[in-house]
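Structure file protein_5.pdb (PDB, C-alpha atoms) is printed below.
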ATOM      1  CA  VAL F   1       0.540  23.386-175.637
ATOM      2  CA  LEU F   2       2.517  24.455-178.697
ATOM      3  CA  LEU F   3       1.796  22.144-181.622
ATOM      4  CA  ILE F   4       4.300  22.571-184.449
ATOM      5  CA  GLY F   5       3.027  21.557-187.869
ATOM      6  CA  GLY F   6      -0.579  22.023-186.799
ATOM      7  CA  HIS F   7      -2.129  21.592-190.261
ATOM      8  CA  GLY F   8      -0.880  18.021-190.713
ATOM      9  CA  ARG F   9      -3.248  15.071-190.566
ATOM     10  CA  THR F  10      -1.921  13.634-187.304
ATOM     11  CA  ALA F  11      -1.629  17.124-185.798
ATOM     12  CA  LYS F  12      -5.317  17.800-186.390
ATOM     13  CA  TYR F  13      -6.222  14.687-184.403
ATOM     14  CA  ILE F  14      -3.828  15.794-181.651
ATOM     15  CA  THR F  15      -5.478  19.218-181.607
ATOM     16  CA  THR F  16      -8.968  17.752-181.251
ATOM     17  CA  ILE F  17      -7.941  15.528-178.338
ATOM     18  CA  LEU F  18      -6.113  18.336-176.550
ATOM     19  CA  LEU F  19      -9.085  20.688-176.911
ATOM     20  CA  SER F  20     -11.496  18.008-175.685
ATOM     21  CA  HIS F  21      -9.308  17.673-172.565
ATOM     22  CA  GLY F  22      -9.445  21.408-171.897
ATOM     23  CA  HIS F  23      -5.936  22.377-172.981
ATOM     24  CA  THR F  24      -5.052  25.669-174.646
ATOM     25  CA  VAL F  25      -3.434  24.960-178.020
ATOM     26  CA  TYR F  26      -1.131  27.216-180.007
ATOM     27  CA  SER F  27      -1.087  25.693-183.488
ATOM     28  CA  LEU F  28       1.935  26.652-185.582
ATOM     29  CA  ILE F  29       1.091  26.538-189.297
ATOM     30  CA  ARG F  30       2.839  27.512-192.501
ATOM     31  CA  ASN F  31       0.559  30.163-194.016
ATOM     32  CA  THR F  32      -2.597  32.171-193.385
ATOM     33  CA  SER F  33      -4.667  30.137-195.870
ATOM     34  CA  GLN F  34      -4.620  27.282-193.327
ATOM     35  CA  ILE F  35      -6.181  29.329-190.518
ATOM     36  CA  PRO F  36      -9.864  28.541-191.371
ATOM     37  CA  ASP F  37      -9.164  24.790-191.299
ATOM     38  CA  ILE F  38      -7.491  25.113-187.918
ATOM     39  CA  ARG F  39     -10.251  27.245-186.410
ATOM     40  CA  LYS F  40     -12.884  24.676-187.439
ATOM     41  CA  LEU F  41     -11.251  22.142-185.138
ATOM     42  CA  ALA F  42     -12.436  24.184-182.142
ATOM     43  CA  ASP F  43     -16.098  24.325-183.252
ATOM     44  CA  PRO F  44     -17.195  21.358-181.085
ATOM     45  CA  PHE F  45     -15.500  22.937-178.063
ATOM     46  CA  PRO F  46     -16.940  26.463-177.577
ATOM     47  CA  LYS F  47     -14.940  27.086-174.410
ATOM     48  CA  ALA F  48     -11.652  25.853-175.857
ATOM     49  CA  GLU F  49      -8.753  28.134-176.699
ATOM     50  CA  LEU F  50      -7.120  27.460-180.075
ATOM     51  CA  ILE F  51      -4.681  30.103-181.322
ATOM     52  CA  PRO F  52      -3.177  29.739-184.819
ATOM     53  CA  LEU F  53       0.389  31.045-185.226
ATOM     54  CA  VAL F  54       1.836  31.528-188.702
ATOM     55  CA  HIS F  55       5.521  30.890-189.432
ATOM     56  CA  ASP F  56       7.228  29.007-192.249
ATOM     57  CA  LEU F  57       9.650  26.528-190.689
ATOM     58  CA  ASN F  58      11.841  26.602-193.777
ATOM     59  CA  GLY F  59      14.525  29.096-192.746
ATOM     60  CA  ILE F  60      12.935  30.134-189.437
ATOM     61  CA  SER F  61      15.309  32.186-187.266
ATOM     62  CA  THR F  62      16.269  31.862-183.608
ATOM     63  CA  HIS F  63      14.440  35.116-182.866
ATOM     64  CA  GLU F  64      11.260  33.819-184.507
ATOM     65  CA  VAL F  65      11.453  30.579-182.523
ATOM     66  CA  GLN F  66      11.840  32.545-179.283
ATOM     67  CA  GLU F  67       8.861  34.666-180.294
ATOM     68  CA  VAL F  68       6.718  31.569-180.846
ATOM     69  CA  LEU F  69       7.716  30.003-177.511
ATOM     70  CA  SER F  70       7.000  33.222-175.622
ATOM     71  CA  HIS F  71       3.291  33.330-176.524
ATOM     72  CA  GLY F  72       1.039  33.513-173.507
ATOM     73  CA  ASP F  73       3.788  35.155-171.440
ATOM     74  CA  GLY F  74       5.639  31.892-171.161
ATOM     75  CA  ALA F  75       2.541  29.783-170.475
ATOM     76  CA  ILE F  76       3.602  27.094-172.963
ATOM     77  CA  GLU F  77       4.602  24.003-170.994
ATOM     78  CA  TRP F  78       4.367  21.309-173.665
ATOM     79  CA  VAL F  79       5.820  21.365-177.175
ATOM     80  CA  ILE F  80       4.753  18.738-179.705
ATOM     81  CA  TRP F  81       6.668  18.513-182.981
ATOM     82  CA  ALA F  82       4.362  17.109-185.669
ATOM     83  CA  ALA F  83       5.875  18.902-188.664
ATOM     84  CA  GLY F  84       7.242  17.255-191.774
ATOM     85  CA  ALA F  85       5.999  14.285-193.757
ATOM     86  CA  LYS F  86       8.178  11.451-194.929
ATOM     87  CA  GLY F  87       5.794  10.689-197.768
ATOM     88  CA  ASN F  88       6.004  14.240-199.125
ATOM     89  CA  ILE F  89       9.639  14.639-200.150
ATOM     90  CA  PRO F  90      10.618  18.133-201.341
ATOM     91  CA  ARG F  91      12.236  18.580-204.702
ATOM     92  CA  HIS F  92      15.418  19.863-203.083
ATOM     93  CA  PRO F  93      16.890  17.802-200.209
ATOM     94  CA  GLN F  94      18.203  20.974-198.588
ATOM     95  CA  ASP F  95      14.612  22.158-198.084
ATOM     96  CA  GLN F  96      13.898  18.938-196.238
ATOM     97  CA  LEU F  97      16.944  19.363-194.030
ATOM     98  CA  SER F  98      15.906  22.945-193.287
ATOM     99  CA  VAL F  99      12.604  21.787-191.774
ATOM    100  CA  GLU F 100      13.181  18.226-190.553
ATOM    101  CA  ARG F 101      16.576  18.981-189.010
ATOM    102  CA  ASP F 102      17.475  22.663-188.671
ATOM    103  CA  ALA F 103      14.111  24.038-187.506
ATOM    104  CA  ALA F 104      13.566  21.123-185.145
ATOM    105  CA  ILE F 105      16.972  21.616-183.547
ATOM    106  CA  LEU F 106      16.282  25.327-183.068
ATOM    107  CA  PHE F 107      13.019  24.641-181.271
ATOM    108  CA  ILE F 108      14.507  21.958-179.037
ATOM    109  CA  ARG F 109      17.464  24.111-178.012
ATOM    110  CA  GLN F 110      15.313  27.126-177.269
ATOM    111  CA  ALA F 111      12.734  25.037-175.393
ATOM    112  CA  ARG F 112      15.338  23.511-173.096
ATOM    113  CA  GLY F 113      17.130  26.811-172.551
ATOM    114  CA  GLU F 114      16.521  29.627-170.151
ATOM    115  CA  ARG F 115      13.155  30.305-168.556
ATOM    116  CA  ILE F 116      10.820  31.687-171.215
ATOM    117  CA  GLY F 117       8.592  34.471-169.958
ATOM    118  CA  PRO F 118       7.495  35.121-166.379
ATOM    119  CA  ARG F 119       5.242  32.083-165.937
ATOM    120  CA  GLY F 120       7.563  29.134-166.348
ATOM    121  CA  ASN F 121       9.470  27.008-168.798
ATOM    122  CA  VAL F 122       8.797  24.154-171.181
ATOM    123  CA  LYS F 123       8.436  20.910-169.249
ATOM    124  CA  ARG F 124       7.857  18.442-172.069
ATOM    125  CA  PHE F 125       9.022  18.111-175.665
ATOM    126  CA  ILE F 126       7.399  15.328-177.721
ATOM    127  CA  PHE F 127       9.070  14.802-181.084
ATOM    128  CA  ILE F 128       7.253  12.708-183.688
ATOM    129  CA  SER F 129       9.998  10.918-185.563
ATOM    130  CA  ALA F 130       9.913   7.478-187.231
ATOM    131  CA  CYS F 131      11.061   3.992-186.299
ATOM    132  CA  ILE F 132      13.477   3.957-189.264
ATOM    133  CA  CYS F 133      15.397   6.986-187.957
ATOM    134  CA  ARG F 134      18.349   5.370-186.196
ATOM    135  CA  ASN F 135      21.945   4.507-187.031
ATOM    136  CA  GLU F 136      21.507   0.730-186.865
ATOM    137  CA  PRO F 137      18.541  -1.654-186.924
ATOM    138  CA  ALA F 138      17.164  -2.407-183.469
ATOM    139  CA  PRO F 139      18.228  -5.858-182.179
ATOM    140  CA  TRP F 140      14.642  -6.730-181.141
ATOM    141  CA  TRP F 141      13.186  -6.118-184.623
ATOM    142  CA  SER F 142      11.812  -8.874-186.798
ATOM    143  CA  PRO F 143      13.736  -9.665-190.034
ATOM    144  CA  GLU F 144      10.929  -7.994-192.007
ATOM    145  CA  THR F 145      11.279  -4.764-190.032
ATOM    146  CA  THR F 146      15.061  -4.794-190.474
ATOM    147  CA  GLU F 147      14.700  -5.162-194.248
ATOM    148  CA  TYR F 148      12.144  -2.333-194.305
ATOM    149  CA  TYR F 149      14.563  -0.134-192.345
ATOM    150  CA  LYS F 150      17.455  -0.823-194.721
ATOM    151  CA  ARG F 151      15.332  -0.074-197.781
ATOM    152  CA  MET F 152      14.018   3.205-196.362
ATOM    153  CA  LYS F 153      17.415   4.367-195.081
ATOM    154  CA  ASN F 154      19.528   3.440-198.085
ATOM    155  CA  GLU F 155      17.173   3.771-201.034
ATOM    156  CA  THR F 156      13.818   5.431-200.503
ATOM    157  CA  MET F 157      14.385   8.388-198.170
ATOM    158  CA  PRO F 158      17.991   8.710-196.983
ATOM    159  CA  THR F 159      17.765  12.485-196.425
ATOM    160  CA  TYR F 160      14.698  12.137-194.225
ATOM    161  CA  VAL F 161      16.320   9.386-192.146
ATOM    162  CA  GLU F 162      19.542  11.382-191.786
ATOM    163  CA  ALA F 163      17.711  14.515-190.667
ATOM    164  CA  LYS F 164      15.415  12.861-188.131
ATOM    165  CA  THR F 165      18.192  10.685-186.714
ATOM    166  CA  GLU F 166      20.325  13.757-186.070
ATOM    167  CA  VAL F 167      17.450  15.466-184.261
ATOM    168  CA  ASP F 168      16.614  12.369-182.210
ATOM    169  CA  THR F 169      20.242  12.109-181.087
ATOM    170  CA  MET F 170      20.448  15.790-180.274
ATOM    171  CA  LEU F 171      17.215  15.564-178.273
ATOM    172  CA  VAL F 172      18.934  13.162-175.866
ATOM    173  CA  GLU F 173      22.035  15.371-175.663
ATOM    174  CA  GLU F 174      20.006  18.486-174.876
ATOM    175  CA  TYR F 175      18.114  16.645-172.141
ATOM    176  CA  ARG F 176      21.357  15.517-170.527
ATOM    177  CA  ASP F 177      22.886  18.980-170.828
ATOM    178  CA  ARG F 178      19.918  20.621-169.133
ATOM    179  CA  LEU F 179      19.869  17.993-166.396
ATOM    180  CA  ASN F 180      23.586  18.478-165.769
ATOM    181  CA  VAL F 181      23.269  22.263-165.680
ATOM    182  CA  ASP F 182      20.077  22.472-163.615
ATOM    183  CA  GLY F 183      20.535  19.460-161.362
ATOM    184  CA  ASP F 184      16.840  19.888-160.697
ATOM    185  CA  ASP F 185      14.238  17.145-161.026
ATOM    186  CA  SER F 186      11.553  18.953-159.056
ATOM    187  CA  GLU F 187       8.119  19.787-160.426
ATOM    188  CA  GLU F 188       9.363  23.254-161.385
ATOM    189  CA  GLY F 189      12.616  22.114-162.956
ATOM    190  CA  CYS F 190      11.857  18.831-164.716
ATOM    191  CA  PHE F 191      12.303  18.677-168.493
ATOM    192  CA  SER F 192      11.121  15.537-170.257
ATOM    193  CA  VAL F 193      11.750  14.603-173.872
ATOM    194  CA  VAL F 194      10.283  11.744-175.881
ATOM    195  CA  SER F 195      10.913  10.710-179.459
ATOM    196  CA  ILE F 196       7.784   8.827-180.511
ATOM    197  CA  ARG F 197       8.593   6.642-183.500
ATOM    198  CA  PRO F 198       5.798   5.201-185.665
ATOM    199  CA  GLY F 199       6.274   3.090-188.760
ATOM    200  CA  GLU F 200       3.595   3.308-191.419
ATOM    201  CA  LEU F 201       0.594   5.541-190.681
ATOM    202  CA  ARG F 202      -2.941   5.101-191.993
ATOM    203  CA  ASP F 203      -6.121   7.187-192.085
ATOM    204  CA  THR F 204      -8.099   4.410-190.439
ATOM    205  CA  PRO F 205     -10.453   4.583-187.443
ATOM    206  CA  ALA F 206      -8.969   4.686-183.967
ATOM    207  CA  THR F 207      -8.690   1.412-182.082
ATOM    208  CA  GLY F 208      -7.560   2.794-178.732
ATOM    209  CA  LYS F 209      -4.727   0.259-178.774
ATOM    210  CA  CYS F 210      -1.091   0.098-179.842
ATOM    211  CA  ASP F 211       2.240  -1.691-179.503
ATOM    212  CA  LEU F 212       4.549   0.758-177.708
ATOM    213  CA  GLY F 213       8.205   0.629-176.677
ATOM    214  CA  LYS F 214      10.506  -1.996-178.162
ATOM    215  CA  THR F 215       8.211  -3.146-180.933
ATOM    216  CA  ARG F 216       9.226  -6.247-182.869
ATOM    217  CA  MET F 217       7.012  -5.419-185.872
ATOM    218  CA  ALA F 218       7.705  -1.683-185.828
ATOM    219  CA  MET F 219       6.387  -1.049-189.322
ATOM    220  CA  GLU F 220       2.886  -2.443-188.607
ATOM    221  CA  PRO F 221       0.485   0.280-189.901
ATOM    222  CA  LEU F 222      -0.874   2.496-187.122
ATOM    223  CA  SER F 223      -3.947   4.694-187.219
ATOM    224  CA  ARG F 224      -3.075   8.386-187.112
ATOM    225  CA  GLN F 225      -5.817   8.798-184.518
ATOM    226  CA  ASP F 226      -4.137   6.229-182.296
ATOM    227  CA  LEU F 227      -0.772   7.954-182.734
ATOM    228  CA  ALA F 228      -2.426  11.214-181.665
ATOM    229  CA  SER F 229      -3.821   9.506-178.561
ATOM    230  CA  VAL F 230      -0.377   8.137-177.664
ATOM    231  CA  VAL F 231       1.183  11.604-177.982
ATOM    232  CA  VAL F 232      -1.415  13.276-175.766
ATOM    233  CA  GLU F 233      -1.259  10.462-173.215
ATOM    234  CA  LEU F 234       2.527  10.888-172.999
ATOM    235  CA  CYS F 235       2.057  14.586-172.253
ATOM    236  CA  GLU F 236      -0.616  13.998-169.660
ATOM    237  CA  ALA F 237       1.274  11.118-168.047
ATOM    238  CA  GLY F 238       4.232  13.478-167.802
ATOM    239  CA  ARG F 239       2.080  15.973-165.912
ATOM    240  CA  ARG F 240       1.088  13.260-163.433
ATOM    241  CA  LYS F 241       4.760  12.337-162.953
ATOM    242  CA  GLU F 242       6.188  15.847-162.601
ATOM    243  CA  ARG F 243       6.745  15.677-158.849
ATOM    244  CA  GLY F 244       8.968  12.692-159.461
ATOM    245  CA  GLY F 245      11.037  14.378-162.160
ATOM    246  CA  GLY F 246       8.722  13.960-165.152
ATOM    247  CA  ILE F 247       9.043  11.068-167.588
ATOM    248  CA  GLY F 248      12.715  11.615-168.353
ATOM    249  CA  CYS F 249      14.172  11.010-171.791
ATOM    250  CA  ARG F 250      13.332   8.070-174.038
ATOM    251  CA  TRP F 251      12.768   6.811-177.563
ATOM    252  CA  LEU F 252       9.566   4.786-178.025
ATOM    253  CA  ASP F 253       8.623   2.945-181.185
ATOM    254  CA  VAL F 254       4.879   2.639-181.766
ATOM    255  CA  ALA F 255       2.898   0.431-184.101
ATOM    256  CA  ARG F 256      -0.474  -1.223-184.420
ATOM    257  CA  GLY F 257      -1.044  -3.535-181.481
ATOM    258  CA  GLY F 258      -3.416  -4.890-178.890
ATOM    259  CA  GLU F 259      -2.551  -3.029-175.675
ATOM    260  CA  ASP F 260      -4.710  -0.210-174.344
ATOM    261  CA  ILE F 261      -2.927   3.089-175.072
ATOM    262  CA  LYS F 262      -3.047   4.453-171.531
ATOM    263  CA  GLN F 263      -1.798   1.152-170.119
ATOM    264  CA  ALA F 264       0.973   1.006-172.739
ATOM    265  CA  VAL F 265       2.202   4.489-171.829
ATOM    266  CA  GLU F 266       2.107   3.715-168.112
ATOM    267  CA  ARG F 267       4.002   0.453-168.690
ATOM    268  CA  CYS F 268       6.751   2.218-170.631
ATOM    269  CA  ILE F 269       7.135   4.962-168.032
ATOM    270  CA  GLU F 270       6.981   2.731-164.974
ATOM    271  CA  GLY F 271       9.266   0.167-166.607
ATOM    272  CA  ASP F 272      11.666   2.831-167.901
ATOM    273  CA  VAL F 273      11.359   1.469-171.437
ATOM    274  CA  ASP F 274      13.670   3.215-173.895
TER     275      ASP F 274
END
What does the file become when written as structure tokens?
Amino acid sequence: VLLIGGHGRTAKYITTILLSHGHTVYSLIRNTSQIPDIRKLADPFPKAELIPLVHDLNGISTHEVQEVLSHGDGAIEWVIWAAGAKGNIPRHPQDQLSVERDAAILFIRQARGERIGPRGNVKRFIFISACICRNEPAPWWSPETTEYYKRMKNETMPTYVEAKTEVDTMLVEEYRDRLNVDGDDSEEGCFSVVSIRPGELRDTPATGKCDLGKTRMAMEPLSRQDLASVVVELCEAGRRKERGGGIGCRWLDVARGGEDIKQAVERCIEGDVD
């Protein structure tokens, strides 16, 4: 698993869950000073493999992205984008676009491209976006969620919303392009992409539950630990579904709720919720 933005709060929870499940994690971080924090995450799992990779996403090149994806001789099958933080707006909007939009697009395009290395290609790309990143309010939203969306998009963080919305849209286009080119939904050829779209996030204890899919109250605060569990469950559910063409392409809002996370993921996949 390649985890992009590995030093973030949600990403650290994702790392811990992945390691506890026996996955090898390549954690992409911004600078070498973050390496000790990342290595500590593996302390409870002496047999786990956690490899920090250092690259600044601001201005990263195509060659550098290819280099990152080729680690392990092409063994990376899952890519999780957890970089960026809507509550930490850079002084210059262009810096935000460079990371939230440009770097993300580079990684998606390279991940869905030609076979990387001798061992295989990326089968799953999970992009952590936000429920507010869309062109229009969702018709199933509550009035409160719609007002929240309008305020965030038009007043509070327009650059963030613009950048993430462009990436979310492109994620769907890249999936369709690869499907059209490959025509292959076998275990070896499937490529699944999911934009997982939380509202507000909190550093509260995990509940093991969520509201996933077309969420009416999309801005209900969600525990970062629960978001991490949803992300990992989507990856692992995708592995179970690979012989049937993976989990396809979908946007899923996620918020605090009362449904068991594993059951929620299964419901959205089996019901083709998007």
Neighbour list for Trp78 of chain F as a ChimeraX atom specification, cut-off 9 Å, only C-alpha atoms, skip fewer than 3 positions in-chain: /F:1-3,122-126,235
Convert the output of the PyMOL selection byres ((chain F and resi 128) around 9) on the shown file into explicit residues, formatted as a PDB file with C-alpha atoms, keeping the file's coordinate frame.
ATOM      1  CA  ILE F  80       4.753  18.738-179.705  1.00  0.00           C
ATOM      2  CA  TRP F  81       6.668  18.513-182.981  1.00  0.00           C
ATOM      3  CA  ALA F  82       4.362  17.109-185.669  1.00  0.00           C
ATOM      4  CA  ALA F  83       5.875  18.902-188.664  1.00  0.00           C
ATOM      5  CA  ILE F 126       7.399  15.328-177.721  1.00  0.00           C
ATOM      6  CA  PHE F 127       9.070  14.802-181.084  1.00  0.00           C
ATOM      7  CA  SER F 129       9.998  10.918-185.563  1.00  0.00           C
ATOM      8  CA  ALA F 130       9.913   7.478-187.231  1.00  0.00           C
ATOM      9  CA  VAL F 194      10.283  11.744-175.881  1.00  0.00           C
ATOM     10  CA  SER F 195      10.913  10.710-179.459  1.00  0.00           C
ATOM     11  CA  ILE F 196       7.784   8.827-180.511  1.00  0.00           C
ATOM     12  CA  ARG F 197       8.593   6.642-183.500  1.00  0.00           C
ATOM     13  CA  PRO F 198       5.798   5.201-185.665  1.00  0.00           C
ATOM     14  CA  VAL F 231       1.183  11.604-177.982  1.00  0.00           C
TER      15      VAL F 231
END
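Against the coordinates shown, the PyMOL selection byres ((chain F and resi 45) around 10) returns F:Thr16, F:Leu19, F:Ser20, F:His21, F:Gly22, F:Lys40, F:Leu41, F:Ala42, F:Asp43, F:Pro44, F:Pro46, F:Lys47, F:Ala48, F:Glu49, F:Leu50.
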Between atom CA of Met217 of chain F and atom CA of Val193 of chain F, distance in Å (one decimal): 23.8 Å
Pick from F:Gln94, F:Gln110, F:Gln225, F:Gln34, whichever lies nearest to Val68 of chain F using only C-alpha atoms: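 Smallest distance to Val68 of chain F is found for F:Gln110.
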Closest of F:Cys249, F:Leu234, F:Cys131, F:Ala103 to Ile4 of chain F - atom-to-atom distances counting only C-alpha atoms: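 Under the stated criterion, the closest residue is F:Ala103.
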Name every residue that the PyMOL selection byres ((chain F and resi 174) around 12) selects in this structure, writing the answer as a PDB file with C-alpha atoms, in the coordinates of the input with chains first and numbers rising.
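Saved as out15.pdb:
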ATOM      1  CA  ILE F 105      16.972  21.616-183.547  1.00  0.00           C
ATOM      2  CA  LEU F 106      16.282  25.327-183.068  1.00  0.00           C
ATOM      3  CA  PHE F 107      13.019  24.641-181.271  1.00  0.00           C
ATOM      4  CA  ILE F 108      14.507  21.958-179.037  1.00  0.00           C
ATOM      5  CA  ARG F 109      17.464  24.111-178.012  1.00  0.00           C
ATOM      6  CA  GLN F 110      15.313  27.126-177.269  1.00  0.00           C
ATOM      7  CA  ALA F 111      12.734  25.037-175.393  1.00  0.00           C
ATOM      8  CA  ARG F 112      15.338  23.511-173.096  1.00  0.00           C
ATOM      9  CA  GLY F 113      17.130  26.811-172.551  1.00  0.00           C
ATOM     10  CA  PHE F 125       9.022  18.111-175.665  1.00  0.00           C
ATOM     11  CA  VAL F 167      17.450  15.466-184.261  1.00  0.00           C
ATOM     12  CA  ASP F 168      16.614  12.369-182.210  1.00  0.00           C
ATOM     13  CA  THR F 169      20.242  12.109-181.087  1.00  0.00           C
ATOM     14  CA  MET F 170      20.448  15.790-180.274  1.00  0.00           C
ATOM     15  CA  LEU F 171      17.215  15.564-178.273  1.00  0.00           C
ATOM     16  CA  VAL F 172      18.934  13.162-175.866  1.00  0.00           C
ATOM     17  CA  GLU F 173      22.035  15.371-175.663  1.00  0.00           C
ATOM     18  CA  TYR F 175      18.114  16.645-172.141  1.00  0.00           C
ATOM     19  CA  ARG F 176      21.357  15.517-170.527  1.00  0.00           C
ATOM     20  CA  ASP F 177      22.886  18.980-170.828  1.00  0.00           C
ATOM     21  CA  ARG F 178      19.918  20.621-169.133  1.00  0.00           C
ATOM     22  CA  LEU F 179      19.869  17.993-166.396  1.00  0.00           C
ATOM     23  CA  ASN F 180      23.586  18.478-165.769  1.00  0.00           C
ATOM     24  CA  VAL F 181      23.269  22.263-165.680  1.00  0.00           C
ATOM     25  CA  ASP F 182      20.077  22.472-163.615  1.00  0.00           C
ATOM     26  CA  PHE F 191      12.303  18.677-168.493  1.00  0.00           C
ATOM     27  CA  SER F 192      11.121  15.537-170.257  1.00  0.00           C
ATOM     28  CA  VAL F 193      11.750  14.603-173.872  1.00  0.00           C
ATOM     29  CA  VAL F 194      10.283  11.744-175.881  1.00  0.00           C
ATOM     30  CA  GLY F 248      12.715  11.615-168.353  1.00  0.00           C
ATOM     31  CA  CYS F 249      14.172  11.010-171.791  1.00  0.00           C
TER      32      CYS F 249
END
